[in-house]
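The structure appears right after this line, and notes come after that.
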Amino acid sequence: MFTTLAARAAALPVAVVTGLCGGGGQQPAVRIDPRAPVITRDDIVIHAPLERIWRIQTDIGAWPSWQPDVTRTEWLTPGPLRTGSVFRWSVHGLSDITSTVREVRPPHRIVWGGPAQGITAVHVWTFTPVRDGVRVHTEESWAGAPVEAARPELQAALDASLDAWLHHLKAQAEG
């Protein structure tokens with residue numbers, strides 16, 4: 001069971017979030033859980049226009065075309081991407097992960113998630129123009145019984161997953 005759980009958790013490049021508010025306006029920004037036993041922060045500079053990077057990252061239906069670990073996506077909320085939008089996706093054999101967008105500030109910030117395999121997490125993406133491109137920063141926290149049971153393995157899995165996601169995004173945006 002431990003090996004299976006670690007393998008499944010490694011497949012979660014997008015996190016889960018429950019019970020947090022989000023959105024624009026004066027509402028506070030959704031943040032990762034600073035007390036979570038697993039936290040990963042990573043960034044990369046992508047040499048492409050901000051709007052292109054934003055479009056690729058937020059076109060959830062197209063993820064399987066550039067993110068090889070994502071095998072299926074399904075948009076469940078009609079209309080444009082917004083706080084409260086819901087999508088279902090599969091990755092590394094984990095099927096039907098349901099995620100909810102918790103905050104959207106185009107083209108600079110998005111947070112999404114939903115419960116999966118007993119892990120509660122928060123995944124935040126920010127996009128900041130810099131002199132030679134766009135700095136894409138992601139941070140994610142994981143908490144819950146599965147994380148407590150396999151902290152070192154899940155830390156390594158999340159580190160690797162976010163690094164791979166950023167490099168696939170870079171390749172797609174610069175290609």
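Labeling convention for the structure tokens: chains A, B, ... as they appear, residues from 1 per chain, ligands from 1 in order of appearance.
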
Alpha helix (DSSP H) call set, DSSP backbone run, chain A, as a ChimeraX atom specification: /A:2-10,50-58,63-66,145-149,151-174

Those of stretch 50-151 of chain A in DSSP strand (DSSP E), formatted as a PyMOL selection string: chain A and resi 70-75+86-91+94-105+109-113+120-130+133-143

Contacts of stretch 43-55 of chain A within 8 Å, only C-alpha atoms, excl. fewer than 4 positions in-chain, as a list in words: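 So the residues in contact are Asp59, Pro106, Pro107, His108, Phe127, Thr128, Pro129, Asp132, Gly133, Val134, Arg135, Val136, His137, Thr138, Leu166, His167, Leu169, Lys170, Ala173 and Glu174 of chain A.
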
Near A:Arg88, counting only C-alpha atoms, which residues have an atom at most 12 Å away, once you skip same-chain residues fewer than 6 positions from it, shown as a PDB file with N, CA, C and O atoms, in the first residue's frame?
```pdb
ATOM      1  N   VAL A  14      -0.990  18.793  -9.727  1.00  0.00           N
ATOM      2  CA  VAL A  14      -1.911  19.870  -9.417  1.00  0.00           C
ATOM      3  C   VAL A  14      -2.523  19.522  -8.081  1.00  0.00           C
ATOM      4  O   VAL A  14      -2.884  18.394  -7.826  1.00  0.00           O
ATOM      5  N   VAL A  16      -4.796  20.120  -4.327  1.00  0.00           N
ATOM      6  CA  VAL A  16      -6.153  20.154  -3.858  1.00  0.00           C
ATOM      7  C   VAL A  16      -6.294  21.204  -2.780  1.00  0.00           C
ATOM      8  O   VAL A  16      -5.360  21.496  -2.058  1.00  0.00           O
ATOM      9  N   ILE A  60      -7.109  24.150 -19.649  1.00  0.00           N
ATOM     10  CA  ILE A  60      -7.095  22.854 -18.976  1.00  0.00           C
ATOM     11  C   ILE A  60      -7.409  21.712 -19.938  1.00  0.00           C
ATOM     12  O   ILE A  60      -6.823  20.643 -19.851  1.00  0.00           O
ATOM     13  N   GLY A  61      -8.294  21.959 -20.879  1.00  0.00           N
ATOM     14  CA  GLY A  61      -8.645  20.925 -21.852  1.00  0.00           C
ATOM     15  C   GLY A  61      -7.480  20.489 -22.718  1.00  0.00           C
ATOM     16  O   GLY A  61      -7.459  19.367 -23.228  1.00  0.00           O
ATOM     17  N   TRP A  63      -4.254  20.333 -21.618  1.00  0.00           N
ATOM     18  CA  TRP A  63      -3.130  19.799 -20.832  1.00  0.00           C
ATOM     19  C   TRP A  63      -2.584  18.487 -21.367  1.00  0.00           C
ATOM     20  O   TRP A  63      -1.358  18.337 -21.471  1.00  0.00           O
ATOM     21  N   VAL A  70      -0.592  14.051 -17.667  1.00  0.00           N
ATOM     22  CA  VAL A  70      -2.044  14.244 -17.620  1.00  0.00           C
ATOM     23  C   VAL A  70      -2.656  13.482 -18.789  1.00  0.00           C
ATOM     24  O   VAL A  70      -2.342  13.738 -19.946  1.00  0.00           O
ATOM     25  N   THR A  71      -3.533  12.529 -18.484  1.00  0.00           N
ATOM     26  CA  THR A  71      -4.089  11.680 -19.535  1.00  0.00           C
ATOM     27  C   THR A  71      -5.482  12.095 -19.989  1.00  0.00           C
ATOM     28  O   THR A  71      -5.914  11.725 -21.070  1.00  0.00           O
ATOM     29  N   ARG A  72      -6.200  12.857 -19.142  1.00  0.00           N
ATOM     30  CA  ARG A  72      -7.557  13.241 -19.508  1.00  0.00           C
ATOM     31  C   ARG A  72      -7.965  14.462 -18.701  1.00  0.00           C
ATOM     32  O   ARG A  72      -7.604  14.587 -17.531  1.00  0.00           O
ATOM     33  N   THR A  73      -8.733  15.350 -19.335  1.00  0.00           N
ATOM     34  CA  THR A  73      -9.341  16.477 -18.636  1.00  0.00           C
ATOM     35  C   THR A  73     -10.777  16.628 -19.119  1.00  0.00           C
ATOM     36  O   THR A  73     -11.099  16.300 -20.262  1.00  0.00           O
ATOM     37  N   GLU A  74     -11.608  17.132 -18.238  1.00  0.00           N
ATOM     38  CA  GLU A  74     -13.007  17.375 -18.580  1.00  0.00           C
ATOM     39  C   GLU A  74     -13.456  18.636 -17.855  1.00  0.00           C
ATOM     40  O   GLU A  74     -13.365  18.723 -16.630  1.00  0.00           O
ATOM     41  N   TRP A  75     -13.912  19.604 -18.621  1.00  0.00           N
ATOM     42  CA  TRP A  75     -14.382  20.862 -18.061  1.00  0.00           C
ATOM     43  C   TRP A  75     -15.819  20.657 -17.589  1.00  0.00           C
ATOM     44  O   TRP A  75     -16.692  20.282 -18.367  1.00  0.00           O
ATOM     45  N   LEU A  76     -16.119  20.911 -16.309  1.00  0.00           N
ATOM     46  CA  LEU A  76     -17.447  20.660 -15.759  1.00  0.00           C
ATOM     47  C   LEU A  76     -18.288  21.926 -15.596  1.00  0.00           C
ATOM     48  O   LEU A  76     -19.498  21.821 -15.392  1.00  0.00           O
ATOM     49  N   THR A  77     -17.662  23.081 -15.661  1.00  0.00           N
ATOM     50  CA  THR A  77     -18.370  24.350 -15.474  1.00  0.00           C
ATOM     51  C   THR A  77     -18.435  25.080 -16.801  1.00  0.00           C
ATOM     52  O   THR A  77     -17.395  25.409 -17.371  1.00  0.00           O
ATOM     53  N   LEU A  94      -4.339   8.023 -11.689  1.00  0.00           N
ATOM     54  CA  LEU A  94      -5.347   8.567 -10.772  1.00  0.00           C
ATOM     55  C   LEU A  94      -6.462   9.145 -11.627  1.00  0.00           C
ATOM     56  O   LEU A  94      -6.246  10.093 -12.370  1.00  0.00           O
ATOM     57  N   SER A  95      -7.634   8.567 -11.506  1.00  0.00           N
ATOM     58  CA  SER A  95      -8.748   8.992 -12.349  1.00  0.00           C
ATOM     59  C   SER A  95      -9.704   9.887 -11.581  1.00  0.00           C
ATOM     60  O   SER A  95      -9.856   9.760 -10.365  1.00  0.00           O
ATOM     61  N   ASP A  96     -10.316  10.756 -12.312  1.00  0.00           N
ATOM     62  CA  ASP A  96     -11.425  11.566 -11.810  1.00  0.00           C
ATOM     63  C   ASP A  96     -11.079  12.416 -10.595  1.00  0.00           C
ATOM     64  O   ASP A  96     -11.838  12.485  -9.629  1.00  0.00           O
ATOM     65  N   ILE A  97      -9.949  13.090 -10.645  1.00  0.00           N
ATOM     66  CA  ILE A  97      -9.632  14.100  -9.638  1.00  0.00           C
ATOM     67  C   ILE A  97     -10.495  15.309  -9.984  1.00  0.00           C
ATOM     68  O   ILE A  97     -10.464  15.800 -11.106  1.00  0.00           O
ATOM     69  N   THR A  98     -11.286  15.772  -9.050  1.00  0.00           N
ATOM     70  CA  THR A  98     -12.123  16.937  -9.285  1.00  0.00           C
ATOM     71  C   THR A  98     -11.480  18.134  -8.612  1.00  0.00           C
ATOM     72  O   THR A  98     -11.237  18.112  -7.403  1.00  0.00           O
ATOM     73  N   SER A  99     -11.181  19.161  -9.388  1.00  0.00           N
ATOM     74  CA  SER A  99     -10.521  20.358  -8.878  1.00  0.00           C
ATOM     75  C   SER A  99     -11.411  21.576  -9.089  1.00  0.00           C
ATOM     76  O   SER A  99     -12.126  21.659 -10.080  1.00  0.00           O
ATOM     77  N   THR A 100     -11.311  22.505  -8.169  1.00  0.00           N
ATOM     78  CA  THR A 100     -12.066  23.753  -8.225  1.00  0.00           C
ATOM     79  C   THR A 100     -11.091  24.920  -8.258  1.00  0.00           C
ATOM     80  O   THR A 100     -10.144  24.960  -7.468  1.00  0.00           O
ATOM     81  N   VAL A 101     -11.333  25.859  -9.145  1.00  0.00           N
ATOM     82  CA  VAL A 101     -10.529  27.076  -9.210  1.00  0.00           C
ATOM     83  C   VAL A 101     -10.940  27.945  -8.022  1.00  0.00           C
ATOM     84  O   VAL A 101     -12.119  28.254  -7.853  1.00  0.00           O
ATOM     85  N   TRP A 112      -5.944  26.466  -7.838  1.00  0.00           N
ATOM     86  CA  TRP A 112      -7.028  25.494  -8.008  1.00  0.00           C
ATOM     87  C   TRP A 112      -6.791  24.281  -7.138  1.00  0.00           C
ATOM     88  O   TRP A 112      -5.731  24.127  -6.546  1.00  0.00           O
ATOM     89  N   GLY A 113      -7.780  23.387  -7.066  1.00  0.00           N
ATOM     90  CA  GLY A 113      -7.605  22.149  -6.348  1.00  0.00           C
ATOM     91  C   GLY A 113      -8.898  21.416  -6.069  1.00  0.00           C
ATOM     92  O   GLY A 113      -9.949  21.795  -6.563  1.00  0.00           O
ATOM     93  N   GLY A 114      -8.805  20.380  -5.270  1.00  0.00           N
ATOM     94  CA  GLY A 114      -9.921  19.537  -4.874  1.00  0.00           C
ATOM     95  C   GLY A 114      -9.401  18.285  -4.200  1.00  0.00           C
ATOM     96  O   GLY A 114      -8.242  17.946  -4.364  1.00  0.00           O
ATOM     97  N   PRO A 115     -10.194  17.585  -3.419  1.00  0.00           N
ATOM     98  CA  PRO A 115      -9.708  16.444  -2.649  1.00  0.00           C
ATOM     99  C   PRO A 115      -9.276  15.278  -3.533  1.00  0.00           C
ATOM    100  O   PRO A 115      -9.907  14.999  -4.539  1.00  0.00           O
ATOM    101  N   ALA A 116      -8.204  14.616  -3.108  1.00  0.00           N
ATOM    102  CA  ALA A 116      -7.703  13.461  -3.857  1.00  0.00           C
ATOM    103  C   ALA A 116      -6.875  12.574  -2.949  1.00  0.00           C
ATOM    104  O   ALA A 116      -5.927  13.045  -2.320  1.00  0.00           O
TER     105      ALA A 116
END
```

Residues within 8 Å of A:Thr40, only C-alpha atoms, excluding chain neighbours under 5 positions, as an MDAnalysis selection string: chainID A and resid 139:141 155 158:159 162

Shell around A:Gly118 at 9 Å using only C-alpha atoms, local window under 2 positions removed, as a list in words: Pro115, Ala116, Thr120, Ala143, Gly144, Ala145, Pro146 and Val147 of chain A
